Amino acid sequence: MNVLSSAMRFSLVVPTLNRPDSLKMFLEGLIGQPFTDLEVIIVDQSGSDLYDQVVEEFSSRLCLRHIRSNVRRCRYACAVGAAHAIGDIIAFPDDDCVYRPDTLTRVDEHFRDDPELGFLTGAVINFEGSRTRMGRWLQKSAWLNQKTIWTGLIEFNMFIRRDLYEAVGGFDIDMGPGCDFVAAEGQDLGLRLLRSGARGYFDSDLLVMHPDKPDDVKRDRARSYARGMGYALRKNNASAGLVAIFMIRPFGGILLSLLRGMPGYAGYYLRMLTGRIEGYFSWAAFRAQAEVSARFLR
């Protein structure tokens, strides 16, 4: 199964670090897919032989490539893997997510039915089958724009025509896990795709399973994740109205939590507000904004 054809329908690039058991679950889910025209590119950041057994186990059942990277940054690993991809459609599943049995068939049908579709996104459910607590989501399927993309896109449930992905430069490797701007790298990529003329669609029934993060983890990461959002808003020239909405919401959460006598939640929203302000007014965001503007003005 490791012999590659000249073309594939899907390239699934999976950056992974120290979670071989989770990766095994993801690969087992792929074997259950009726759609088999795919390659899996594992980008191993462990610096060890931690994944060798998993790779050996699945190499006979999947078209699998194992690439090592000494740089422990998630989107850098995505860039490394994407450079080897040959699929028409590229995706970047988390190593701890699991595709539902119809995921790839559904995605393939979307792209075949609409040759103008540039990228496709969907929502998330946890392993119990309930809607995840990982943020807000659009309630209905819809075309994506500069506003809806914030509630209609998550990186591990995003499928992109590979030529369009390459045309806009892929993920910003200075965003995502392992960087100062931990989150919103998917929205950043999606906004650049839209700006290039690509059309993006959110399918509310395209669901990928992912474990919910514990509340204490969400609280601890609130500031760093929000910093990524602030950075992405500035970088992509978000409207003043949209920026105001994303700054007012956590401020309202602080006040409401205090009125309800819930100081812990107030602290969570304070960290969120602080992070968004830090990211939006960071020198890196101003520099990135200028670079993006110059690129699209050429």
# chains A, B, ... in the order shown; residues from 1 in each chain; ligands from 1
$ residues_around --residues "A:Leu164" --least-positions-apart "6" --cutoff "8 Å" --atoms "only C-alpha atoms" --output "list in words"
Gly118, Leu193 and Ala198 of chain A
$ select_by_dssp --residues "stretch 5-40 of chain A" --states "helix (DSSP H, G or I)" --output "ChimeraX atom specification"
/A:20-31
$ write_last_selection --atoms "N, CA and C atoms" --output "PDB file, in the first residue's frame"
ATOM      1  N   PRO A  20       0.879   8.478  19.909  1.00  0.00           N
ATOM      2  CA  PRO A  20       0.716   7.357  18.976  1.00  0.00           C
ATOM      3  C   PRO A  20      -0.608   6.629  19.127  1.00  0.00           C
ATOM      4  N   ASP A  21      -1.149   6.536  20.345  1.00  0.00           N
ATOM      5  CA  ASP A  21      -2.421   5.844  20.527  1.00  0.00           C
ATOM      6  C   ASP A  21      -3.562   6.600  19.860  1.00  0.00           C
ATOM      7  N   SER A  22      -3.533   7.937  19.954  1.00  0.00           N
ATOM      8  CA  SER A  22      -4.558   8.742  19.293  1.00  0.00           C
ATOM      9  C   SER A  22      -4.443   8.610  17.776  1.00  0.00           C
ATOM     10  N   LEU A  23      -3.220   8.649  17.267  1.00  0.00           N
ATOM     11  CA  LEU A  23      -3.022   8.502  15.832  1.00  0.00           C
ATOM     12  C   LEU A  23      -3.536   7.144  15.355  1.00  0.00           C
ATOM     13  N   LYS A  24      -3.332   6.130  16.148  1.00  0.00           N
ATOM     14  CA  LYS A  24      -3.815   4.794  15.783  1.00  0.00           C
ATOM     15  C   LYS A  24      -5.333   4.795  15.631  1.00  0.00           C
ATOM     16  N   MET A  25      -6.037   5.476  16.519  1.00  0.00           N
ATOM     17  CA  MET A  25      -7.495   5.571  16.419  1.00  0.00           C
ATOM     18  C   MET A  25      -7.901   6.274  15.124  1.00  0.00           C
ATOM     19  N   PHE A  26      -7.197   7.337  14.777  1.00  0.00           N
ATOM     20  CA  PHE A  26      -7.509   8.040  13.542  1.00  0.00           C
ATOM     21  C   PHE A  26      -7.318   7.125  12.333  1.00  0.00           C
ATOM     22  N   LEU A  27      -6.207   6.400  12.295  1.00  0.00           N
ATOM     23  CA  LEU A  27      -5.932   5.512  11.167  1.00  0.00           C
ATOM     24  C   LEU A  27      -6.941   4.373  11.096  1.00  0.00           C
ATOM     25  N   GLU A  28      -7.342   3.860  12.225  1.00  0.00           N
ATOM     26  CA  GLU A  28      -8.371   2.808  12.241  1.00  0.00           C
ATOM     27  C   GLU A  28      -9.677   3.333  11.652  1.00  0.00           C
ATOM     28  N   GLY A  29      -9.993   4.604  11.931  1.00  0.00           N
ATOM     29  CA  GLY A  29     -11.182   5.207  11.354  1.00  0.00           C
ATOM     30  C   GLY A  29     -11.102   5.313   9.842  1.00  0.00           C
ATOM     31  N   LEU A  30      -9.915   5.543   9.315  1.00  0.00           N
ATOM     32  CA  LEU A  30      -9.753   5.623   7.869  1.00  0.00           C
ATOM     33  C   LEU A  30      -9.976   4.270   7.203  1.00  0.00           C
ATOM     34  N   ILE A  31      -9.556   3.214   7.865  1.00  0.00           N
ATOM     35  CA  ILE A  31      -9.737   1.880   7.296  1.00  0.00           C
ATOM     36  C   ILE A  31     -11.223   1.557   7.177  1.00  0.00           C
TER      37      ILE A  31
END
$ residues_around --residues "A:Ile90" --least-positions-apart "4" --cutoff "8 Å" --atoms "only C-alpha atoms" --output "PyMOL selection string"
chain A and resi 10-13+82+85+159-162+165
$ write_last_selection --atoms "N, CA, C and O atoms" --output "PDB file, in the first residue's frame"
ATOM      1  N   PHE A  10      -7.353  12.318  -2.271  1.00  0.00           N
ATOM      2  CA  PHE A  10      -7.121  13.010  -1.010  1.00  0.00           C
ATOM      3  C   PHE A  10      -5.684  12.830  -0.537  1.00  0.00           C
ATOM      4  O   PHE A  10      -5.123  11.744  -0.625  1.00  0.00           O
ATOM      5  N   SER A  11      -5.125  13.908  -0.009  1.00  0.00           N
ATOM      6  CA  SER A  11      -3.893  13.855   0.785  1.00  0.00           C
ATOM      7  C   SER A  11      -4.251  14.326   2.184  1.00  0.00           C
ATOM      8  O   SER A  11      -4.688  15.468   2.366  1.00  0.00           O
ATOM      9  N   LEU A  12      -4.074  13.466   3.163  1.00  0.00           N
ATOM     10  CA  LEU A  12      -4.351  13.795   4.556  1.00  0.00           C
ATOM     11  C   LEU A  12      -3.022  13.956   5.279  1.00  0.00           C
ATOM     12  O   LEU A  12      -2.290  12.984   5.487  1.00  0.00           O
ATOM     13  N   VAL A  13      -2.696  15.186   5.629  1.00  0.00           N
ATOM     14  CA  VAL A  13      -1.431  15.493   6.301  1.00  0.00           C
ATOM     15  C   VAL A  13      -1.707  15.568   7.800  1.00  0.00           C
ATOM     16  O   VAL A  13      -2.487  16.415   8.249  1.00  0.00           O
ATOM     17  N   ALA A  82       2.680  18.897   3.384  1.00  0.00           N
ATOM     18  CA  ALA A  82       2.007  19.340   2.162  1.00  0.00           C
ATOM     19  C   ALA A  82       2.953  19.363   0.970  1.00  0.00           C
ATOM     20  O   ALA A  82       2.527  19.175  -0.173  1.00  0.00           O
ATOM     21  N   ALA A  85       2.570  16.140  -0.818  1.00  0.00           N
ATOM     22  CA  ALA A  85       1.224  15.701  -1.161  1.00  0.00           C
ATOM     23  C   ALA A  85       1.015  15.646  -2.668  1.00  0.00           C
ATOM     24  O   ALA A  85       1.521  16.487  -3.412  1.00  0.00           O
ATOM     25  N   PHE A 159     -11.276  20.931   4.099  1.00  0.00           N
ATOM     26  CA  PHE A 159     -10.794  20.229   2.910  1.00  0.00           C
ATOM     27  C   PHE A 159     -10.644  21.260   1.790  1.00  0.00           C
ATOM     28  O   PHE A 159     -11.565  22.020   1.512  1.00  0.00           O
ATOM     29  N   ILE A 160      -9.482  21.277   1.139  1.00  0.00           N
ATOM     30  CA  ILE A 160      -9.126  22.357   0.217  1.00  0.00           C
ATOM     31  C   ILE A 160      -8.592  21.763  -1.084  1.00  0.00           C
ATOM     32  O   ILE A 160      -7.831  20.785  -1.069  1.00  0.00           O
ATOM     33  N   ARG A 161      -8.979  22.364  -2.199  1.00  0.00           N
ATOM     34  CA  ARG A 161      -8.318  21.976  -3.449  1.00  0.00           C
ATOM     35  C   ARG A 161      -6.836  22.332  -3.317  1.00  0.00           C
ATOM     36  O   ARG A 161      -6.484  23.462  -3.003  1.00  0.00           O
ATOM     37  N   ARG A 162      -5.988  21.358  -3.575  1.00  0.00           N
ATOM     38  CA  ARG A 162      -4.571  21.536  -3.254  1.00  0.00           C
ATOM     39  C   ARG A 162      -3.936  22.664  -4.059  1.00  0.00           C
ATOM     40  O   ARG A 162      -3.067  23.383  -3.550  1.00  0.00           O
ATOM     41  N   TYR A 165      -4.710  25.810  -2.221  1.00  0.00           N
ATOM     42  CA  TYR A 165      -3.924  25.855  -0.983  1.00  0.00           C
ATOM     43  C   TYR A 165      -2.508  26.344  -1.274  1.00  0.00           C
ATOM     44  O   TYR A 165      -1.974  27.219  -0.579  1.00  0.00           O
TER      45      TYR A 165
END
$ closest_residue --among "A:Arg192, A:Asp180, A:Leu242, A:Gly252" --to "A:Ser282" --atoms "only C-alpha atoms"
A:Asp180
$ closest_residue --among "A:Val43, A:Ile245, A:Ala167, A:Ile254" --to "A:Cys78" --atoms "only C-alpha atoms"
A:Val43
$ residues_around --residues "A:Leu144" --least-positions-apart "5" --cutoff "9 Å" --atoms "only C-alpha atoms" --output "list in words"
Ile149, Gly152, Leu153, Gly190, Leu194, Arg199, Gly200, Tyr201 and Phe202 of chain A
$ residues_around --residues "A:Ile125" --least-positions-apart "5" --cutoff "9 Å" --atoms "only C-alpha atoms" --output "list in words"
Ser130, Arg131, Thr132, Arg133, Leu207, Val208, Met209, His210, Pro211 and Asp212 of chain A
$ residues_around --residues "A:Arg75" --least-positions-apart "5" --cutoff "12 Å" --atoms "only C-alpha atoms" --output "PyMOL selection string"
chain A and resi 13-16+43+45+69+80-82+92-94+155-156+169-179+181-186+189
$ write_last_selection --atoms "N, CA, C and O atoms" --output "compact mmCIF listing (two decimals), in the first residue's frame"
# COMPACT_ATOMS: atom_id res chain seq x y z
N VAL A 13 -2.70 15.19 5.63
CA VAL A 13 -1.43 15.49 6.30
C VAL A 13 -1.71 15.57 7.80
O VAL A 13 -2.49 16.41 8.25
N VAL A 14 -1.05 14.69 8.57
CA VAL A 14 -1.34 14.59 10.00
C VAL A 14 -0.08 14.94 10.81
O VAL A 14 0.81 14.10 10.97
N PRO A 15 0.02 16.16 11.33
CA PRO A 15 1.13 16.47 12.23
C PRO A 15 0.87 15.81 13.58
O PRO A 15 -0.26 15.83 14.08
N THR A 16 1.89 15.23 14.17
CA THR A 16 1.65 14.52 15.43
C THR A 16 2.87 14.61 16.34
O THR A 16 4.01 14.62 15.88
N VAL A 43 3.46 13.43 9.80
CA VAL A 43 4.63 14.26 10.08
C VAL A 43 4.93 14.15 11.57
O VAL A 43 4.24 14.73 12.40
N GLN A 45 6.87 14.66 14.89
CA GLN A 45 7.72 15.66 15.54
C GLN A 45 8.32 15.15 16.85
O GLN A 45 8.85 15.93 17.64
N SER A 69 10.15 15.50 11.43
CA SER A 69 10.49 16.92 11.50
C SER A 69 11.04 17.23 12.88
O SER A 69 10.44 16.84 13.90
N VAL A 80 5.58 20.94 5.83
CA VAL A 80 6.50 19.86 5.46
C VAL A 80 5.74 18.74 4.77
O VAL A 80 6.13 18.24 3.71
N GLY A 81 4.62 18.35 5.36
CA GLY A 81 3.83 17.27 4.78
C GLY A 81 3.20 17.66 3.46
O GLY A 81 3.17 16.87 2.50
N ALA A 82 2.68 18.90 3.38
CA ALA A 82 2.01 19.34 2.16
C ALA A 82 2.95 19.36 0.97
O ALA A 82 2.53 19.17 -0.17
N PHE A 92 -5.94 18.50 6.80
CA PHE A 92 -4.96 18.45 7.89
C PHE A 92 -5.64 18.01 9.19
O PHE A 92 -5.81 18.78 10.13
N PRO A 93 -6.05 16.74 9.26
CA PRO A 93 -6.72 16.26 10.47
C PRO A 93 -5.80 16.25 11.68
O PRO A 93 -4.60 15.99 11.56
N ASP A 94 -6.37 16.56 12.85
CA ASP A 94 -5.63 16.40 14.10
C ASP A 94 -5.34 14.92 14.33
O ASP A 94 -6.12 14.05 13.92
N GLU A 155 -9.72 23.79 11.82
CA GLU A 155 -8.64 23.31 10.95
C GLU A 155 -8.75 21.81 10.63
O GLU A 155 -8.46 21.41 9.49
N PHE A 156 -9.16 20.99 11.58
CA PHE A 156 -9.13 19.55 11.33
C PHE A 156 -10.35 19.06 10.55
O PHE A 156 -10.43 17.89 10.22
N GLY A 169 -0.20 30.09 -0.43
CA GLY A 169 0.94 29.90 0.46
C GLY A 169 0.69 29.00 1.65
O GLY A 169 1.55 28.89 2.54
N GLY A 170 -0.47 28.34 1.70
CA GLY A 170 -0.74 27.40 2.80
C GLY A 170 -0.90 28.10 4.13
O GLY A 170 -1.15 29.30 4.23
N PHE A 171 -0.79 27.31 5.19
CA PHE A 171 -0.89 27.85 6.54
C PHE A 171 0.24 28.84 6.83
O PHE A 171 1.35 28.71 6.32
N ASP A 172 -0.06 29.80 7.67
CA ASP A 172 0.97 30.68 8.24
C ASP A 172 1.72 29.85 9.28
O ASP A 172 1.15 29.49 10.33
N ILE A 173 2.97 29.55 9.03
CA ILE A 173 3.71 28.67 9.94
C ILE A 173 4.11 29.34 11.24
O ILE A 173 4.64 28.70 12.15
N ASP A 174 3.83 30.64 11.36
CA ASP A 174 4.07 31.35 12.61
C ASP A 174 2.81 31.40 13.47
O ASP A 174 2.75 32.12 14.46
N MET A 175 1.79 30.65 13.07
CA MET A 175 0.57 30.52 13.85
C MET A 175 0.37 29.05 14.22
O MET A 175 1.00 28.17 13.66
N GLY A 176 -0.52 28.81 15.20
CA GLY A 176 -0.85 27.45 15.58
C GLY A 176 -0.04 26.96 16.77
O GLY A 176 0.83 27.67 17.29
N PRO A 177 -0.33 25.74 17.24
CA PRO A 177 0.38 25.17 18.38
C PRO A 177 1.89 25.20 18.20
O PRO A 177 2.42 24.86 17.15
N GLY A 178 2.57 25.66 19.24
CA GLY A 178 4.03 25.79 19.19
C GLY A 178 4.48 27.20 18.88
O GLY A 178 5.68 27.47 18.89
N CYS A 179 3.52 28.12 18.63
CA CYS A 179 3.85 29.51 18.29
C CYS A 179 3.21 30.47 19.30
O CYS A 179 2.41 30.07 20.14
N PHE A 181 1.10 32.76 18.53
CA PHE A 181 -0.30 32.91 18.13
C PHE A 181 -0.86 31.51 17.90
O PHE A 181 -0.77 30.95 16.81
N VAL A 182 -1.44 30.95 18.95
CA VAL A 182 -1.72 29.52 19.01
C VAL A 182 -2.89 29.10 18.14
O VAL A 182 -2.94 27.97 17.67
N ALA A 183 -3.85 30.00 17.91
CA ALA A 183 -5.08 29.61 17.26
C ALA A 183 -5.41 30.52 16.09
O ALA A 183 -4.69 31.48 15.80
N ALA A 184 -6.54 30.20 15.40
CA ALA A 184 -7.10 30.96 14.28
C ALA A 184 -6.29 30.86 13.00
O ALA A 184 -6.52 31.61 12.06
N GLU A 185 -5.36 29.92 12.93
CA GLU A 185 -4.62 29.75 11.70
C GLU A 185 -5.51 29.23 10.57
O GLU A 185 -5.24 29.46 9.39
N GLY A 186 -6.57 28.51 10.94
CA GLY A 186 -7.52 28.05 9.93
C GLY A 186 -8.31 29.20 9.34
O GLY A 186 -8.51 29.30 8.11
N LEU A 189 -6.10 31.14 7.00
CA LEU A 189 -5.99 30.48 5.70
C LEU A 189 -7.28 30.64 4.90
O LEU A 189 -7.25 30.96 3.71
$ select_by_dssp --residues "stretch 8-160 of chain A" --states "strand (DSSP E)" --output "PyMOL selection string"
chain A and resi 8-16+38-44+64-68+87-91+98-99+117-125+142-143+158-160
$ atom_distance --atom1 "atom CA of A:Arg100" --atom2 "atom CA of A:Glu57"
21.3 Å
$ atom_distance --atom1 "atom CA of A:Val243" --atom2 "atom CA of A:Gly264"
25.0 Å
$ atom_distance --atom1 "atom CA of A:Ala240" --atom2 "atom CA of A:Asn157"
28.3 Å
$ closest_residue --among "A:Leu270, A:Ala232, A:Asp88, A:Phe251" --to "A:Ala284" --atoms "only C-alpha atoms"
A:Ala232
$ closest_residue --among "A:Glu39, A:Ala290, A:Gly87, A:Lys218" --to "A:His66" --atoms "only C-alpha atoms"
A:Glu39
$ residues_around --residues "A:Lys235" --least-positions-apart "5" --cutoff "6 Å" --atoms "only C-alpha atoms" --output "PyMOL selection string"
chain A and resi 285+288-289
